[in-house]
$ cat work.pdb   # PDB, C-alpha atoms
ATOM      1  CA  TYR H 154     -47.760  30.108 -49.681
ATOM      2  CA  THR H 155     -45.690  31.079 -52.718
ATOM      3  CA  GLU H 156     -46.026  34.775 -51.878
ATOM      4  CA  ALA H 157     -45.067  34.114 -48.257
ATOM      5  CA  LEU H 158     -42.019  32.119 -49.359
ATOM      6  CA  LEU H 159     -40.907  34.814 -51.811
ATOM      7  CA  ASP H 160     -41.395  37.492 -49.136
ATOM      8  CA  ALA H 161     -39.321  35.473 -46.653
ATOM      9  CA  LEU H 162     -36.537  34.980 -49.189
ATOM     10  CA  SER H 163     -36.543  38.678 -50.062
ATOM     11  CA  THR H 164     -36.460  39.675 -46.393
ATOM     12  CA  THR H 165     -33.598  37.258 -45.715
ATOM     13  CA  GLN H 166     -31.606  38.602 -48.654
ATOM     14  CA  ASP H 167     -32.210  42.219 -47.642
ATOM     15  CA  LEU H 168     -31.200  41.483 -44.036
ATOM     16  CA  ALA H 169     -28.044  39.681 -45.171
ATOM     17  CA  GLU H 170     -26.992  42.734 -47.191
ATOM     18  CA  ILE H 171     -27.663  45.038 -44.236
ATOM     19  CA  MET H 172     -25.782  42.783 -41.808
ATOM     20  CA  ASN H 173     -22.729  42.664 -44.067
ATOM     21  CA  GLY H 174     -22.251  46.350 -43.331
ATOM     22  CA  ALA H 175     -22.972  46.136 -39.587
ATOM     23  CA  SER H 176     -19.551  46.463 -37.943
ATOM     24  CA  LEU H 177     -19.501  46.496 -34.146
ATOM     25  CA  ALA H 178     -18.000  49.286 -32.057
ATOM     26  CA  THR H 179     -15.791  46.904 -30.037
ATOM     27  CA  ASN H 180     -13.330  44.148 -30.963
ATOM     28  CA  TRP H 181     -15.615  41.421 -29.628
ATOM     29  CA  ARG H 182     -14.721  37.895 -30.772
ATOM     30  CA  PRO H 183     -17.419  35.397 -29.651
ATOM     31  CA  ARG H 184     -16.091  32.095 -28.290
ATOM     32  CA  ASN H 185     -19.151  29.870 -27.882
ATOM     33  CA  GLY H 186     -22.759  29.428 -28.971
ATOM     34  CA  LEU H 187     -24.294  31.815 -26.444
ATOM     35  CA  GLU H 188     -21.800  34.567 -27.233
ATOM     36  CA  ARG H 189     -22.463  34.121 -30.946
ATOM     37  CA  GLN H 190     -26.182  34.680 -30.286
ATOM     38  CA  PHE H 191     -25.499  37.880 -28.321
ATOM     39  CA  PHE H 192     -23.038  38.909 -31.025
ATOM     40  CA  ALA H 193     -25.759  38.544 -33.677
ATOM     41  CA  VAL H 194     -28.185  40.582 -31.551
ATOM     42  CA  ALA H 195     -25.560  43.314 -31.149
ATOM     43  CA  ARG H 196     -25.112  43.474 -34.920
ATOM     44  CA  LEU H 197     -28.885  43.683 -35.457
ATOM     45  CA  ILE H 198     -29.048  46.538 -32.962
ATOM     46  CA  MET H 199     -26.175  48.289 -34.727
ATOM     47  CA  ALA H 200     -28.133  47.965 -37.992
ATOM     48  CA  ARG H 201     -31.408  49.259 -36.503
ATOM     49  CA  SER H 202     -31.474  52.402 -38.681
ATOM     50  CA  ALA H 203     -30.860  50.448 -41.875
ATOM     51  CA  ARG H 204     -33.605  48.039 -40.810
ATOM     52  CA  SER H 205     -35.978  50.981 -40.148
ATOM     53  CA  SER H 206     -36.668  49.628 -36.659
ATOM     54  CA  ASP H 207     -37.200  51.747 -33.552
ATOM     55  CA  ARG H 208     -37.810  48.791 -31.171
ATOM     56  CA  ASP H 209     -37.136  45.051 -31.216
ATOM     57  CA  VAL H 210     -37.451  41.914 -29.122
ATOM     58  CA  PHE H 211     -34.646  39.347 -29.484
ATOM     59  CA  PHE H 212     -34.434  35.820 -28.089
ATOM     60  CA  THR H 213     -31.284  33.928 -27.146
ATOM     61  CA  GLN H 214     -31.309  30.495 -25.577
ATOM     62  CA  MET H 215     -29.022  28.213 -23.614
ATOM     63  CA  GLY H 216     -29.694  24.593 -22.690
ATOM     64  CA  GLY H 217     -28.075  22.263 -20.204
ATOM     65  CA  TRP H 218     -29.901  23.368 -17.054
ATOM     66  CA  ASP H 219     -31.621  20.028 -16.358
ATOM     67  CA  MET H 220     -28.968  19.160 -13.785
ATOM     68  CA  HIS H 221     -29.893  15.925 -12.077
ATOM     69  CA  ARG H 222     -26.199  15.329 -11.371
ATOM     70  CA  ASN H 223     -22.857  17.210 -11.301
ATOM     71  CA  MET H 224     -24.790  20.375 -10.495
ATOM     72  CA  LYS H 225     -22.037  22.440  -8.841
ATOM     73  CA  ALA H 226     -19.530  22.024 -11.669
ATOM     74  CA  SER H 227     -22.208  22.438 -14.353
ATOM     75  CA  LEU H 228     -23.606  25.604 -12.759
ATOM     76  CA  ALA H 229     -20.139  27.130 -12.526
ATOM     77  CA  GLN H 230     -19.605  26.472 -16.242
ATOM     78  CA  ARG H 231     -23.020  27.785 -17.336
ATOM     79  CA  PHE H 232     -22.829  30.907 -15.182
ATOM     80  CA  GLY H 233     -19.341  31.593 -16.523
ATOM     81  CA  GLU H 234     -20.608  31.408 -20.107
ATOM     82  CA  ILE H 235     -23.494  33.773 -19.324
ATOM     83  CA  ASP H 236     -21.191  36.186 -17.501
ATOM     84  CA  ASN H 237     -18.742  36.388 -20.408
ATOM     85  CA  ALA H 238     -21.484  36.765 -23.028
ATOM     86  CA  LEU H 239     -23.345  39.441 -21.082
ATOM     87  CA  ARG H 240     -20.150  41.304 -20.148
ATOM     88  CA  ASN H 241     -19.162  41.598 -23.835
ATOM     89  CA  PHE H 242     -22.706  42.444 -24.903
ATOM     90  CA  VAL H 243     -23.007  45.262 -22.356
ATOM     91  CA  ALA H 244     -19.607  46.629 -23.363
ATOM     92  CA  GLU H 245     -20.775  46.703 -26.986
ATOM     93  CA  MET H 246     -24.084  48.367 -26.093
ATOM     94  CA  GLU H 247     -22.215  51.009 -24.095
ATOM     95  CA  ALA H 248     -19.861  51.575 -27.025
ATOM     96  CA  GLN H 249     -22.908  52.008 -29.277
ATOM     97  CA  GLU H 250     -24.264  54.455 -26.638
ATOM     98  CA  ILE H 251     -27.582  52.603 -26.470
ATOM     99  CA  TRP H 252     -27.318  50.526 -23.266
ATOM    100  CA  GLU H 253     -29.829  52.841 -21.543
ATOM    101  CA  SER H 254     -32.400  51.754 -24.153
ATOM    102  CA  VAL H 255     -31.729  48.005 -23.917
ATOM    103  CA  ALA H 256     -33.118  45.564 -21.334
ATOM    104  CA  PHE H 257     -31.894  41.991 -20.806
ATOM    105  CA  ILE H 258     -34.083  39.494 -18.949
ATOM    106  CA  THR H 259     -33.823  35.793 -18.131
ATOM    107  CA  SER H 260     -36.629  33.275 -18.552
ATOM    108  CA  SER H 261     -37.188  29.581 -17.818
ATOM    109  CA  GLU H 262     -40.152  27.227 -17.996
ATOM    110  CA  PHE H 263     -39.304  25.502 -14.704
ATOM    111  CA  ALA H 264     -37.055  25.759 -11.667
ATOM    112  CA  ARG H 265     -35.308  23.208  -9.434
ATOM    113  CA  THR H 266     -35.995  21.539  -6.101
ATOM    114  CA  MET H 267     -34.311  23.100  -3.091
ATOM    115  CA  ASP H 268     -33.068  19.749  -1.820
ATOM    116  CA  SER H 269     -30.578  17.407  -3.468
ATOM    117  CA  ASN H 270     -31.166  14.091  -5.177
ATOM    118  CA  GLY H 271     -27.607  13.105  -4.296
ATOM    119  CA  GLY H 272     -25.701  14.882  -7.069
ATOM    120  CA  GLY H 273     -28.056  17.517  -8.387
ATOM    121  CA  SER H 274     -31.702  18.561  -8.169
ATOM    122  CA  ASP H 275     -35.033  17.780  -9.820
ATOM    123  CA  HIS H 276     -37.819  19.715 -11.510
ATOM    124  CA  ALA H 277     -39.675  22.316  -9.457
ATOM    125  CA  TRP H 278     -41.709  25.495  -9.835
ATOM    126  CA  GLY H 279     -40.960  28.993  -8.500
ATOM    127  CA  GLY H 280     -37.621  30.706  -9.064
ATOM    128  CA  ASN H 281     -35.785  34.015  -9.429
ATOM    129  CA  HIS H 282     -34.868  35.931 -12.570
ATOM    130  CA  ILE H 283     -32.547  38.709 -13.652
ATOM    131  CA  ILE H 284     -33.159  41.985 -15.449
ATOM    132  CA  ALA H 285     -30.267  44.206 -16.522
ATOM    133  CA  SER H 286     -30.320  47.537 -18.347
ATOM    134  CA  GLY H 287     -28.541  50.855 -18.453
ATOM    135  CA  GLY H 288     -31.936  52.455 -17.871
ATOM    136  CA  LEU H 289     -32.745  50.583 -14.648
ATOM    137  CA  LYS H 290     -32.884  51.788 -11.097
ATOM    138  CA  SER H 291     -30.299  49.066 -10.594
ATOM    139  CA  GLY H 292     -28.919  47.087  -7.666
ATOM    140  CA  ARG H 293     -32.344  46.195  -6.327
ATOM    141  CA  ILE H 294     -34.345  43.053  -5.562
ATOM    142  CA  PHE H 295     -38.046  43.302  -6.364
ATOM    143  CA  ASN H 296     -41.003  41.484  -4.835
ATOM    144  CA  THR H 297     -40.600  39.396  -1.681
ATOM    145  CA  TYR H 298     -38.884  36.118  -0.921
ATOM    146  CA  TRP H 299     -40.754  33.292   0.791
ATOM    147  CA  PRO H 300     -41.062  33.844   4.562
ATOM    148  CA  SER H 301     -39.725  30.305   5.097
ATOM    149  CA  VAL H 302     -37.987  27.645   3.027
ATOM    150  CA  ALA H 303     -38.058  25.053   5.821
ATOM    151  CA  ILE H 304     -39.297  21.575   4.988
ATOM    152  CA  GLY H 305     -43.077  21.421   5.223
ATOM    153  CA  ASN H 306     -43.707  25.184   5.069
ATOM    154  CA  ALA H 307     -46.997  26.392   3.592
ATOM    155  CA  ASP H 308     -45.478  27.113   0.157
ATOM    156  CA  ASP H 309     -43.563  23.834  -0.178
ATOM    157  CA  LEU H 310     -45.217  21.235  -2.399
ATOM    158  CA  GLY H 311     -42.572  18.739  -1.322
ATOM    159  CA  ARG H 312     -38.771  18.603  -1.645
ATOM    160  CA  GLY H 313     -38.604  22.391  -1.866
ATOM    161  CA  ARG H 314     -40.899  22.761  -4.881
ATOM    162  CA  MET H 315     -41.856  26.292  -3.872
ATOM    163  CA  VAL H 316     -45.136  27.862  -5.019
ATOM    164  CA  PRO H 317     -44.381  31.278  -6.592
ATOM    165  CA  HIS H 318     -46.102  34.330  -5.124
ATOM    166  CA  TYR H 319     -45.672  36.507  -8.220
ATOM    167  CA  PRO H 320     -46.442  35.870 -11.899
ATOM    168  CA  TRP H 321     -44.089  36.207 -14.851
ATOM    169  CA  GLU H 322     -46.091  39.314 -15.774
ATOM    170  CA  SER H 323     -44.696  41.011 -12.662
ATOM    171  CA  MET H 324     -41.647  42.142 -14.613
ATOM    172  CA  MET H 325     -42.937  41.756 -18.170
ATOM    173  CA  VAL H 326     -45.795  44.276 -17.818
ATOM    174  CA  PRO H 327     -43.526  47.187 -16.777
ATOM    175  CA  ILE H 328     -41.035  46.236 -19.494
ATOM    176  CA  ALA H 329     -43.834  46.293 -22.083
ATOM    177  CA  LYS H 330     -44.931  49.721 -20.825
ATOM    178  CA  TRP H 331     -41.320  50.916 -21.004
ATOM    179  CA  MET H 332     -41.285  49.782 -24.646
ATOM    180  CA  GLY H 333     -44.420  51.817 -25.378
ATOM    181  CA  MET H 334     -47.410  49.603 -24.577
ATOM    182  CA  ALA H 335     -50.437  51.737 -23.688
ATOM    183  CA  ASP H 336     -52.370  50.941 -20.502
ATOM    184  CA  GLY H 337     -55.417  49.846 -22.477
ATOM    185  CA  GLU H 338     -53.380  47.223 -24.347
ATOM    186  CA  ALA H 339     -52.260  45.242 -21.294
ATOM    187  CA  THR H 340     -55.099  42.719 -21.300
ATOM    188  CA  ARG H 341     -54.573  42.013 -25.005
ATOM    189  CA  ALA H 342     -50.801  41.651 -24.666
ATOM    190  CA  PHE H 343     -51.024  39.601 -21.443
ATOM    191  CA  PRO H 344     -54.028  37.212 -21.404
ATOM    192  CA  ASN H 345     -53.547  36.470 -17.683
ATOM    193  CA  TYR H 346     -53.393  40.143 -16.716
ATOM    194  CA  GLY H 347     -56.856  40.136 -15.172
ATOM    195  CA  ASN H 348     -56.065  37.181 -12.904
ATOM    196  CA  PHE H 349     -53.778  39.284 -10.717
ATOM    197  CA  ASN H 350     -53.902  42.376  -8.536
ATOM    198  CA  ALA H 351     -52.064  44.976 -10.613
ATOM    199  CA  SER H 352     -51.068  47.079  -7.595
ATOM    200  CA  LYS H 353     -49.694  44.030  -5.749
ATOM    201  CA  HIS H 354     -48.347  41.633  -8.345
ATOM    202  CA  PHE H 355     -46.866  43.951 -11.010
ATOM    203  CA  ILE H 356     -43.762  46.097 -10.471
ATOM    204  CA  PRO H 357     -44.541  49.751 -11.302
ATOM    205  CA  MET H 358     -42.610  50.891 -14.353
ATOM    206  CA  THR H 359     -41.425  53.996 -12.511
ATOM    207  CA  ASP H 360     -39.938  51.766  -9.776
ATOM    208  CA  LEU H 361     -38.072  49.625 -12.301
ATOM    209  CA  PHE H 362     -36.723  52.176 -14.790
ATOM    210  CA  GLU H 363     -35.154  55.604 -14.489
TER     211      GLU H 363
END
$ encode --input "work.pdb" --output "structure tokens"
Amino acid sequence: YTEALLDALSTTQDLAEIMNGASLATNWRPRNGLERQFFAVARLIMARSARSSDRDVFFTQMGGWDMHRNMKASLAQRFGEIDNALRNFVAEMEAQEIWESVAFITSSEFARTMDSNGGGSDHAWGGNHIIASGGLKSGRIFNTYWPSVAIGNADDLGRGRMVPHYPWESMMVPIAKWMGMADGEATRAFPNYGNFNASKHFIPMTDLFE
């Protein structure tokens, strides 16, 4: 434990020294918590050579999506924050001339009902997600939407809790391959890989990226 603690302290100190010299290519001034997270990621990417890193995975997070009331106003605010953060992040990645090698994806552990509880919605299952990158074959929607969202349809568990037809791995497997994962490593990287039809449920990497 002592060695692990000392290693963590040393790594933190080394990273702090590297980050002090990581100036961005744009005049980005973050205005809220989400932007500050993207700002930190942009600085880490700028310092990739000093960190001796040729690939990374970064996580940012944003709460406040459990909208049981005031959903319209809350969604407008949240989407505005995401739009501003992502717009500045992409501009910085383009200025660093690395946007073609960066992929942004959204993730959530649950979705929302398709009907209203009077002022918002409640917990549900299937949903849609976003992937953005300078290396994408962009402007496309992948996989298929439900054939019906009418009340009582075969995929509705009640109140519009729609059963998803595609797994999270649908987009994560091609992203992992794009990052360098070999075909033989898929089952180790994705424990549920074998539960799906690879030709049906996973987007081919060559369809997703240029």
$ closest_residue --input "work.pdb" --among "H:Val243, H:Ile198, H:Val210, H:Leu162" --to "Trp181 in chain H" --atoms "all atoms listed in the file"
H:Val243
$ resolve_selection --input "work.pdb" --expression "the PyMOL selection byres ((chain H and resi 325) around 12)" --output "ChimeraX atom specification"
/H:256-260,282-284,319-324,326-332,334,339,342-343,345-346,354-358,361
$ atom_distance --input "work.pdb" --atom1 "CA of Ser205 in chain H" --atom2 "CA of Met172 in chain H"
13.2 Å
$ residues_around --input "work.pdb" --residues "Arg196 in chain H" --least-positions-apart "2" --cutoff "9 Å" --atoms "all atoms listed in the file" --output "list in words"
Met172, Ala175, Ser176, Leu177, Phe191, Phe192, Ala193, Val194, Ile198, Met199, Ala200 and Arg201 of chain H
$ atom_distance --input "work.pdb" --atom1 "CA of Gly217 in chain H" --atom2 "CA of Gly272 in chain H"
15.3 Å
$ resolve_selection --input "work.pdb" --expression "the PyMOL selection byres ((chain H and resi 303) around 12)" --output "VMD selection string"
chain H and resid 267 to 268 299 to 302 304 to 315
$ build_atoms --input "work.pdb" --residues "range 343-354 of chain H" --atoms "all heavy atoms" --output "CSV table (one decimal), keeping the file's coordinate frame"
chain,number,residue,atom,x,y,z
H,343,PHE,N,-51.2,40.6,-22.5
H,343,PHE,CA,-51.0,39.6,-21.4
H,343,PHE,C,-52.4,39.0,-21.1
H,343,PHE,O,-53.1,39.5,-20.3
H,343,PHE,CB,-50.4,40.3,-20.2
H,343,PHE,CG,-49.0,40.9,-20.5
H,343,PHE,CD1,-48.9,42.2,-20.8
H,343,PHE,CD2,-47.9,40.1,-20.5
H,343,PHE,CE1,-47.7,42.8,-21.0
H,343,PHE,CE2,-46.7,40.7,-20.8
H,343,PHE,CZ,-46.6,42.0,-21.0
H,344,PRO,N,-52.7,37.8,-21.6
H,344,PRO,CA,-54.0,37.2,-21.4
H,344,PRO,C,-54.3,36.9,-19.9
H,344,PRO,O,-55.5,36.9,-19.6
H,344,PRO,CB,-53.9,35.9,-22.2
H,344,PRO,CG,-52.9,36.2,-23.3
H,344,PRO,CD,-51.9,37.1,-22.6
H,345,ASN,N,-53.3,36.8,-19.1
H,345,ASN,CA,-53.5,36.5,-17.7
H,345,ASN,C,-53.6,37.7,-16.8
H,345,ASN,O,-53.6,37.6,-15.6
H,345,ASN,CB,-52.5,35.5,-17.2
H,345,ASN,CG,-52.6,34.1,-17.7
H,345,ASN,OD1,-53.7,33.6,-17.9
H,345,ASN,ND2,-51.5,33.5,-18.1
H,346,TYR,N,-53.5,38.9,-17.4
H,346,TYR,CA,-53.4,40.1,-16.7
H,346,TYR,C,-54.5,40.3,-15.7
H,346,TYR,O,-54.3,40.7,-14.5
H,346,TYR,CB,-53.4,41.3,-17.7
H,346,TYR,CG,-53.2,42.7,-17.1
H,346,TYR,CD1,-51.9,43.2,-17.0
H,346,TYR,CD2,-54.3,43.4,-16.6
H,346,TYR,CE1,-51.7,44.5,-16.5
H,346,TYR,CE2,-54.1,44.7,-16.1
H,346,TYR,CZ,-52.8,45.2,-16.0
H,346,TYR,OH,-52.6,46.5,-15.5
H,347,GLY,N,-55.7,40.0,-16.1
H,347,GLY,CA,-56.9,40.1,-15.2
H,347,GLY,C,-56.9,39.2,-14.0
H,347,GLY,O,-57.8,39.3,-13.1
H,348,ASN,N,-56.1,38.2,-14.0
H,348,ASN,CA,-56.1,37.2,-12.9
H,348,ASN,C,-55.3,37.6,-11.7
H,348,ASN,O,-55.2,36.9,-10.7
H,348,ASN,CB,-55.5,35.8,-13.4
H,348,ASN,CG,-56.4,35.2,-14.5
H,348,ASN,OD1,-57.6,35.4,-14.4
H,348,ASN,ND2,-55.8,34.5,-15.4
H,349,PHE,N,-54.7,38.8,-11.8
H,349,PHE,CA,-53.8,39.3,-10.7
H,349,PHE,C,-54.2,40.7,-10.3
H,349,PHE,O,-54.8,41.4,-11.0
H,349,PHE,CB,-52.3,39.3,-11.2
H,349,PHE,CG,-51.8,37.9,-11.6
H,349,PHE,CD1,-51.8,37.6,-13.0
H,349,PHE,CD2,-51.5,36.9,-10.7
H,349,PHE,CE1,-51.4,36.4,-13.4
H,349,PHE,CE2,-51.1,35.7,-11.1
H,349,PHE,CZ,-51.0,35.4,-12.5
H,350,ASN,N,-53.7,41.0,-9.1
H,350,ASN,CA,-53.9,42.4,-8.5
H,350,ASN,C,-52.8,43.3,-9.1
H,350,ASN,O,-51.6,43.1,-8.7
H,350,ASN,CB,-53.9,42.3,-7.0
H,350,ASN,CG,-54.2,43.7,-6.4
H,350,ASN,OD1,-53.8,44.7,-6.9
H,350,ASN,ND2,-54.8,43.6,-5.2
H,351,ALA,N,-53.1,44.2,-10.0
H,351,ALA,CA,-52.1,45.0,-10.6
H,351,ALA,C,-51.2,45.8,-9.6
H,351,ALA,O,-50.0,45.9,-9.8
H,351,ALA,CB,-52.7,45.9,-11.6
H,352,SER,N,-51.8,46.3,-8.6
H,352,SER,CA,-51.1,47.1,-7.6
H,352,SER,C,-50.2,46.2,-6.7
H,352,SER,O,-49.2,46.7,-6.1
H,352,SER,CB,-52.0,47.9,-6.7
H,352,SER,OG,-52.9,47.1,-6.0
H,353,LYS,N,-50.4,44.9,-6.6
H,353,LYS,CA,-49.7,44.0,-5.7
H,353,LYS,C,-48.7,43.2,-6.5
H,353,LYS,O,-47.6,42.9,-6.1
H,353,LYS,CB,-50.7,43.1,-5.0
H,353,LYS,CG,-50.0,42.1,-4.1
H,353,LYS,CD,-51.0,41.2,-3.4
H,353,LYS,CE,-50.3,40.1,-2.6
H,353,LYS,NZ,-51.3,39.2,-1.9
H,354,HIS,N,-49.1,42.7,-7.7
H,354,HIS,CA,-48.3,41.6,-8.3
H,354,HIS,C,-47.4,42.2,-9.5
H,354,HIS,O,-46.6,41.5,-9.9
H,354,HIS,CB,-49.3,40.6,-8.9
H,354,HIS,CG,-50.0,39.7,-7.9
H,354,HIS,ND1,-51.3,39.8,-7.7
H,354,HIS,CD2,-49.5,38.9,-7.0
H,354,HIS,CE1,-51.6,38.9,-6.7
H,354,HIS,NE2,-50.5,38.4,-6.3
